[in-house]
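Structure below is structure.cif: mmCIF, C-alpha atoms.
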```cif
data_my_file
loop_
_atom_site.label_atom_id
_atom_site.label_comp_id
_atom_site.auth_asym_id
_atom_site.auth_seq_id
_atom_site.Cartn_x
_atom_site.Cartn_y
_atom_site.Cartn_z
CA MET A 720 -26.20 -2.34 -18.91
CA LYS A 721 -26.75 0.58 -16.54
CA LYS A 722 -28.10 -1.80 -13.88
CA LYS A 723 -25.05 -4.03 -14.29
CA VAL A 724 -22.67 -1.09 -13.73
CA VAL A 725 -24.57 -0.09 -10.58
CA TYR A 726 -24.40 -3.63 -9.21
CA ILE A 727 -20.69 -3.82 -9.97
CA LEU A 728 -20.03 -0.48 -8.27
CA ILE A 729 -21.98 -1.53 -5.17
CA ALA A 730 -20.23 -4.90 -5.01
CA VAL A 731 -16.77 -3.36 -5.47
CA THR A 732 -17.55 -0.85 -2.72
CA VAL A 733 -18.66 -3.62 -0.35
CA CYS A 734 -15.53 -5.67 -1.05
CA LEU A 735 -13.24 -2.68 -0.57
CA LEU A 736 -15.08 -1.76 2.64
CA ILE A 737 -14.63 -5.28 4.03
CA GLY A 738 -10.95 -5.11 3.12
CA PHE A 739 -10.61 -1.69 4.73
CA LEU A 740 -12.32 -2.82 7.93
CA SER A 741 -10.26 -6.00 8.19
CA SER A 742 -7.11 -3.93 7.71
CA PHE A 743 -7.65 -2.52 11.20
CA ALA A 744 -6.89 -5.98 12.61
CA THR A 745 -3.82 -6.19 10.38
CA GLN A 746 -2.54 -2.76 11.39
CA SER A 747 -2.91 -3.66 15.06
CA SER A 748 0.12 -5.96 14.90
CA VAL A 749 1.81 -5.77 11.51
CA ASN A 750 4.41 -3.28 12.74
CA ASP A 751 5.27 -5.06 15.98
CA TRP A 752 4.19 -8.70 16.57
CA TYR A 753 4.39 -9.66 12.88
CA LEU A 754 7.94 -8.27 12.62
CA THR A 755 9.09 -10.63 15.39
CA LEU A 756 7.89 -13.76 13.59
CA ASN A 757 10.20 -16.08 11.70
CA LYS A 758 9.12 -16.03 8.06
CA PRO A 759 10.05 -18.13 5.03
CA ASN A 760 12.42 -16.71 2.45
CA PHE A 761 9.55 -16.31 -0.03
CA ASN A 762 7.66 -13.92 2.27
CA PRO A 763 6.85 -10.81 0.20
CA PRO A 764 7.71 -7.34 1.48
CA ASN A 765 4.92 -5.77 3.55
CA TRP A 766 4.28 -2.97 1.03
CA ILE A 767 3.06 -5.47 -1.60
CA PHE A 768 0.00 -6.62 0.36
CA ALA A 769 -2.12 -3.44 0.14
CA PRO A 770 -1.98 -3.03 -3.67
CA VAL A 771 -2.47 -6.77 -4.25
CA TRP A 772 -5.47 -6.95 -1.93
CA THR A 773 -6.97 -3.76 -3.36
CA SER A 774 -6.74 -5.22 -6.87
CA LEU A 775 -8.21 -8.52 -5.70
CA TYR A 776 -11.11 -6.84 -3.91
CA ILE A 777 -11.89 -4.87 -7.08
CA LEU A 778 -11.86 -8.06 -9.19
CA MET A 779 -14.02 -9.82 -6.59
CA GLY A 780 -16.50 -6.94 -6.63
CA ILE A 781 -16.67 -6.90 -10.42
CA ALA A 782 -17.30 -10.65 -10.41
CA ALA A 783 -20.01 -10.40 -7.74
CA GLY A 784 -21.63 -7.47 -9.55
CA ILE A 785 -21.76 -9.44 -12.80
CA VAL A 786 -23.43 -12.36 -11.03
CA TRP A 787 -25.83 -10.08 -9.13
CA SER A 788 -26.85 -8.35 -12.36
CA LYS A 789 -28.20 -11.67 -13.68
CA GLY A 790 -31.11 -11.32 -11.24
CA PHE A 791 -31.19 -12.15 -7.54
CA HIS A 792 -34.51 -13.94 -8.08
CA HIS A 793 -32.67 -16.83 -9.79
CA ILE A 794 -31.73 -19.64 -7.40
CA TRP A 795 -28.26 -20.00 -8.97
CA VAL A 796 -27.54 -16.32 -8.52
CA LYS A 797 -28.69 -16.45 -4.89
CA THR A 798 -26.61 -19.56 -4.23
CA ALA A 799 -23.54 -18.03 -5.88
CA LEU A 800 -23.88 -14.78 -3.93
CA TYR A 801 -24.46 -16.58 -0.62
CA HIS A 802 -21.22 -18.48 -1.19
CA PHE A 803 -19.52 -15.21 -2.09
CA GLY A 804 -20.78 -13.59 1.11
CA PHE A 805 -19.56 -16.46 3.27
CA GLN A 806 -16.12 -16.47 1.70
CA LEU A 807 -15.91 -12.68 2.13
CA LEU A 808 -16.67 -13.08 5.85
CA PHE A 809 -13.96 -15.73 6.18
CA ASN A 810 -11.60 -13.45 4.27
CA ALA A 811 -12.08 -10.78 6.95
CA LEU A 812 -12.01 -13.37 9.74
CA TRP A 813 -8.55 -14.51 8.67
CA SER A 814 -7.08 -11.04 9.31
CA ILE A 815 -8.79 -10.86 12.67
CA VAL A 816 -7.52 -14.29 13.74
CA PHE A 817 -3.99 -14.00 12.33
CA PHE A 818 -3.19 -10.38 13.20
CA GLY A 819 -5.82 -9.44 15.78
CA PHE A 820 -5.63 -12.63 17.86
CA LYS A 821 -2.00 -13.25 16.80
CA SER A 822 -2.76 -16.88 16.09
CA PRO A 823 -1.15 -18.38 12.97
CA SER A 824 -2.44 -21.84 13.94
CA TRP A 825 -6.12 -20.86 14.09
CA ALA A 826 -5.64 -18.60 11.06
CA LEU A 827 -4.40 -21.64 9.13
CA LEU A 828 -7.70 -23.38 9.82
CA VAL A 829 -9.62 -20.25 8.75
CA ILE A 830 -7.66 -19.88 5.51
CA LEU A 831 -8.19 -23.54 4.60
CA LEU A 832 -11.93 -23.03 5.07
CA LEU A 833 -11.63 -19.83 3.03
CA LEU A 834 -9.96 -21.75 0.19
CA THR A 835 -12.83 -24.25 0.20
CA LEU A 836 -15.38 -21.43 0.11
CA ILE A 837 -13.55 -19.68 -2.74
CA ILE A 838 -13.55 -22.88 -4.80
CA LEU A 839 -17.27 -23.34 -4.15
CA THR A 840 -17.89 -19.69 -5.03
CA ILE A 841 -16.02 -20.08 -8.32
CA LYS A 842 -18.05 -23.21 -9.05
CA TRP A 843 -21.34 -21.37 -8.49
CA PHE A 844 -20.18 -18.22 -10.27
CA LYS A 845 -19.33 -20.38 -13.29
CA VAL A 846 -22.94 -21.60 -13.39
CA VAL A 847 -24.09 -17.98 -13.69
CA SER A 848 -21.18 -16.36 -15.56
CA LYS A 849 -17.92 -17.84 -16.77
CA THR A 850 -16.42 -14.34 -16.83
CA ALA A 851 -17.27 -13.81 -13.16
CA ALA A 852 -15.74 -17.17 -12.25
CA PHE A 853 -12.59 -16.35 -14.23
CA LEU A 854 -12.22 -13.02 -12.38
CA LEU A 855 -11.90 -14.93 -9.09
CA ILE A 856 -8.92 -17.03 -10.24
CA PRO A 857 -6.26 -14.45 -9.20
CA TYR A 858 -7.91 -14.32 -5.76
CA LEU A 859 -7.82 -18.12 -5.49
CA LEU A 860 -4.14 -18.18 -6.49
CA TRP A 861 -3.22 -15.44 -4.01
CA VAL A 862 -5.07 -17.20 -1.17
CA LEU A 863 -3.29 -20.46 -2.09
CA PHE A 864 -0.01 -18.58 -1.76
CA ALA A 865 -1.19 -16.96 1.49
CA SER A 866 -2.12 -20.42 2.81
CA LEU A 867 1.38 -21.68 2.15
CA LEU A 868 2.81 -18.56 3.77
CA ASN A 869 0.51 -18.96 6.79
CA TYR A 870 1.54 -22.62 7.10
CA LYS A 871 5.26 -21.81 6.95
CA ILE A 872 4.90 -19.00 9.52
CA TRP A 873 3.04 -21.40 11.82
CA GLU A 874 5.71 -24.06 11.25
CA LEU A 875 8.63 -21.69 11.85
CA ASN A 876 7.17 -20.24 15.02
#
```
Any chance you could give the structure as structure tokens?
Amino acid sequence: MKKKVVYILIAVTVCLLIGFLSSFATQSSVNDWYLTLNKPNFNPPNWIFAPVWTSLYILMGIAAGIVWSKGFHHIWVKTALYHFGFQLLFNALWSIVFFGFKSPSWALLVILLLLTLIILTIKWFKVVSKTAAFLLIPYLLWVLFASLLNYKIWELN
């Protein structure tokens, strides 16, 4: 149990760190370029993104920690965590492409790849732990919403 808590704490820290680092790309244009974009009427207010993403990164870290605690020597655990790592990189890449490069079109491609990686991660997490897979569902739903939002921003601009 103690090992599991340590793995969860490490994984949550890594997820929050990735989110924090990718927020630099977001902050580079959220208060200027992003404000000039045409957005759909369902675009949430800017203040909602930080608490939502913080909550999602915590859930993602808990899920990854649960999987990791099953033993990295197991091929299913390794496979699940590799998928998790790839999706986490694409998660950060989206912020860099959308906000840093100011490219909704390329960001749309990145987020569609991210969705695919999240689905694969959930599939592999489910093999190791149904609880861990379940914890990623809010993340999947939010990224689905973000994909629609990204698409509409691309379409309107």
Hits of the PyMOL selection byres ((chain A and resi 825) around 12) in this structure, as an mmCIF file with C-alpha atoms, in the frame of the given file:
```
data_model
loop_
_atom_site.group_PDB
_atom_site.id
_atom_site.type_symbol
_atom_site.label_atom_id
_atom_site.label_comp_id
_atom_site.auth_asym_id
_atom_site.auth_seq_id
_atom_site.Cartn_x
_atom_site.Cartn_y
_atom_site.Cartn_z
ATOM 1 C CA LEU A 812 -12.010 -13.370 9.740
ATOM 2 C CA TRP A 813 -8.550 -14.510 8.670
ATOM 3 C CA SER A 814 -7.080 -11.040 9.310
ATOM 4 C CA ILE A 815 -8.790 -10.860 12.670
ATOM 5 C CA VAL A 816 -7.520 -14.290 13.740
ATOM 6 C CA PHE A 817 -3.990 -14.000 12.330
ATOM 7 C CA PHE A 818 -3.190 -10.380 13.200
ATOM 8 C CA GLY A 819 -5.820 -9.440 15.780
ATOM 9 C CA PHE A 820 -5.630 -12.630 17.860
ATOM 10 C CA LYS A 821 -2.000 -13.250 16.800
ATOM 11 C CA SER A 822 -2.760 -16.880 16.090
ATOM 12 C CA PRO A 823 -1.150 -18.380 12.970
ATOM 13 C CA SER A 824 -2.440 -21.840 13.940
ATOM 14 C CA ALA A 826 -5.640 -18.600 11.060
ATOM 15 C CA LEU A 827 -4.400 -21.640 9.130
ATOM 16 C CA LEU A 828 -7.700 -23.380 9.820
ATOM 17 C CA VAL A 829 -9.620 -20.250 8.750
ATOM 18 C CA ILE A 830 -7.660 -19.880 5.510
ATOM 19 C CA LEU A 831 -8.190 -23.540 4.600
ATOM 20 C CA LEU A 832 -11.930 -23.030 5.070
ATOM 21 C CA SER A 866 -2.120 -20.420 2.810
ATOM 22 C CA ASN A 869 0.510 -18.960 6.790
ATOM 23 C CA TYR A 870 1.540 -22.620 7.100
ATOM 24 C CA TRP A 873 3.040 -21.400 11.820
#
```
* All residues 12 Å or closer to segment 736-747 of chain A, all atoms listed in the file, same chain fewer than 4 positions away omitted, as a count of residues only -> 38
* Might you pull out every residue within 12 Å of Ile781 of chain A, with all atoms listed in the file counted and same-chain residues fewer than 6 positions away left off, and present them as number ranges by chain? => A: 723-735, 774-775, 787-788, 844, 848, 850-855
Writing out the chosen residues with C-alpha atoms as a PDB file, in the frame of the given file:
```pdb
ATOM      1  CA  LYS A 723     -25.050  -4.030 -14.290  1.00  0.00           C
ATOM      2  CA  VAL A 724     -22.670  -1.090 -13.730  1.00  0.00           C
ATOM      3  CA  VAL A 725     -24.570  -0.090 -10.580  1.00  0.00           C
ATOM      4  CA  TYR A 726     -24.400  -3.630  -9.210  1.00  0.00           C
ATOM      5  CA  ILE A 727     -20.690  -3.820  -9.970  1.00  0.00           C
ATOM      6  CA  LEU A 728     -20.030  -0.480  -8.270  1.00  0.00           C
ATOM      7  CA  ILE A 729     -21.980  -1.530  -5.170  1.00  0.00           C
ATOM      8  CA  ALA A 730     -20.230  -4.900  -5.010  1.00  0.00           C
ATOM      9  CA  VAL A 731     -16.770  -3.360  -5.470  1.00  0.00           C
ATOM     10  CA  THR A 732     -17.550  -0.850  -2.720  1.00  0.00           C
ATOM     11  CA  VAL A 733     -18.660  -3.620  -0.350  1.00  0.00           C
ATOM     12  CA  CYS A 734     -15.530  -5.670  -1.050  1.00  0.00           C
ATOM     13  CA  LEU A 735     -13.240  -2.680  -0.570  1.00  0.00           C
ATOM     14  CA  SER A 774      -6.740  -5.220  -6.870  1.00  0.00           C
ATOM     15  CA  LEU A 775      -8.210  -8.520  -5.700  1.00  0.00           C
ATOM     16  CA  TRP A 787     -25.830 -10.080  -9.130  1.00  0.00           C
ATOM     17  CA  SER A 788     -26.850  -8.350 -12.360  1.00  0.00           C
ATOM     18  CA  PHE A 844     -20.180 -18.220 -10.270  1.00  0.00           C
ATOM     19  CA  SER A 848     -21.180 -16.360 -15.560  1.00  0.00           C
ATOM     20  CA  THR A 850     -16.420 -14.340 -16.830  1.00  0.00           C
ATOM     21  CA  ALA A 851     -17.270 -13.810 -13.160  1.00  0.00           C
ATOM     22  CA  ALA A 852     -15.740 -17.170 -12.250  1.00  0.00           C
ATOM     23  CA  PHE A 853     -12.590 -16.350 -14.230  1.00  0.00           C
ATOM     24  CA  LEU A 854     -12.220 -13.020 -12.380  1.00  0.00           C
ATOM     25  CA  LEU A 855     -11.900 -14.930  -9.090  1.00  0.00           C
TER      26      LEU A 855
END
```
With a distance cut-off of 9 Å and all atoms listed in the file, select the neighbouring residues of Pro759 of chain A, excluding the residue or stretch itself and same-chain residues fewer than 4 positions from it, and output the selection as a CSV table (one decimal) with C-alpha atoms, keeping the file's coordinate frame.
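Just written: out.csv:
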```
chain,number,residue,atom,x,y,z
A,868,LEU,CA,2.8,-18.6,3.8
A,871,LYS,CA,5.3,-21.8,7.0
A,872,ILE,CA,4.9,-19.0,9.5
A,875,LEU,CA,8.6,-21.7,11.8
```
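Going from atom CA of Ile837 of chain A to atom CA of Pro764 of chain A covers 24.9 Å.
Put simply, atom CA of Asn876 of chain A is 15.9 Å away from atom CA of Ser748 of chain A.
With all atoms listed in the file taken into account, the protein and nucleic acid residues at most 9 Å from Trp843 of chain A (excluding it and anything under 5 positions from it in its own chain) are A:Trp795, A:Val796, A:Thr798, A:Ala799, A:Leu800, A:His802, A:Ile838, A:Ser848, A:Ala852.
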With C-alpha atoms retained, could you export that selection as a PDB file, in the coordinates of the input?
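That gives us out.pdb:
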```pdb
ATOM      1  CA  TRP A 795     -28.260 -20.000  -8.970  1.00  0.00           C
ATOM      2  CA  VAL A 796     -27.540 -16.320  -8.520  1.00  0.00           C
ATOM      3  CA  THR A 798     -26.610 -19.560  -4.230  1.00  0.00           C
ATOM      4  CA  ALA A 799     -23.540 -18.030  -5.880  1.00  0.00           C
ATOM      5  CA  LEU A 800     -23.880 -14.780  -3.930  1.00  0.00           C
ATOM      6  CA  HIS A 802     -21.220 -18.480  -1.190  1.00  0.00           C
ATOM      7  CA  ILE A 838     -13.550 -22.880  -4.800  1.00  0.00           C
ATOM      8  CA  SER A 848     -21.180 -16.360 -15.560  1.00  0.00           C
ATOM      9  CA  ALA A 852     -15.740 -17.170 -12.250  1.00  0.00           C
TER      10      ALA A 852
END
```
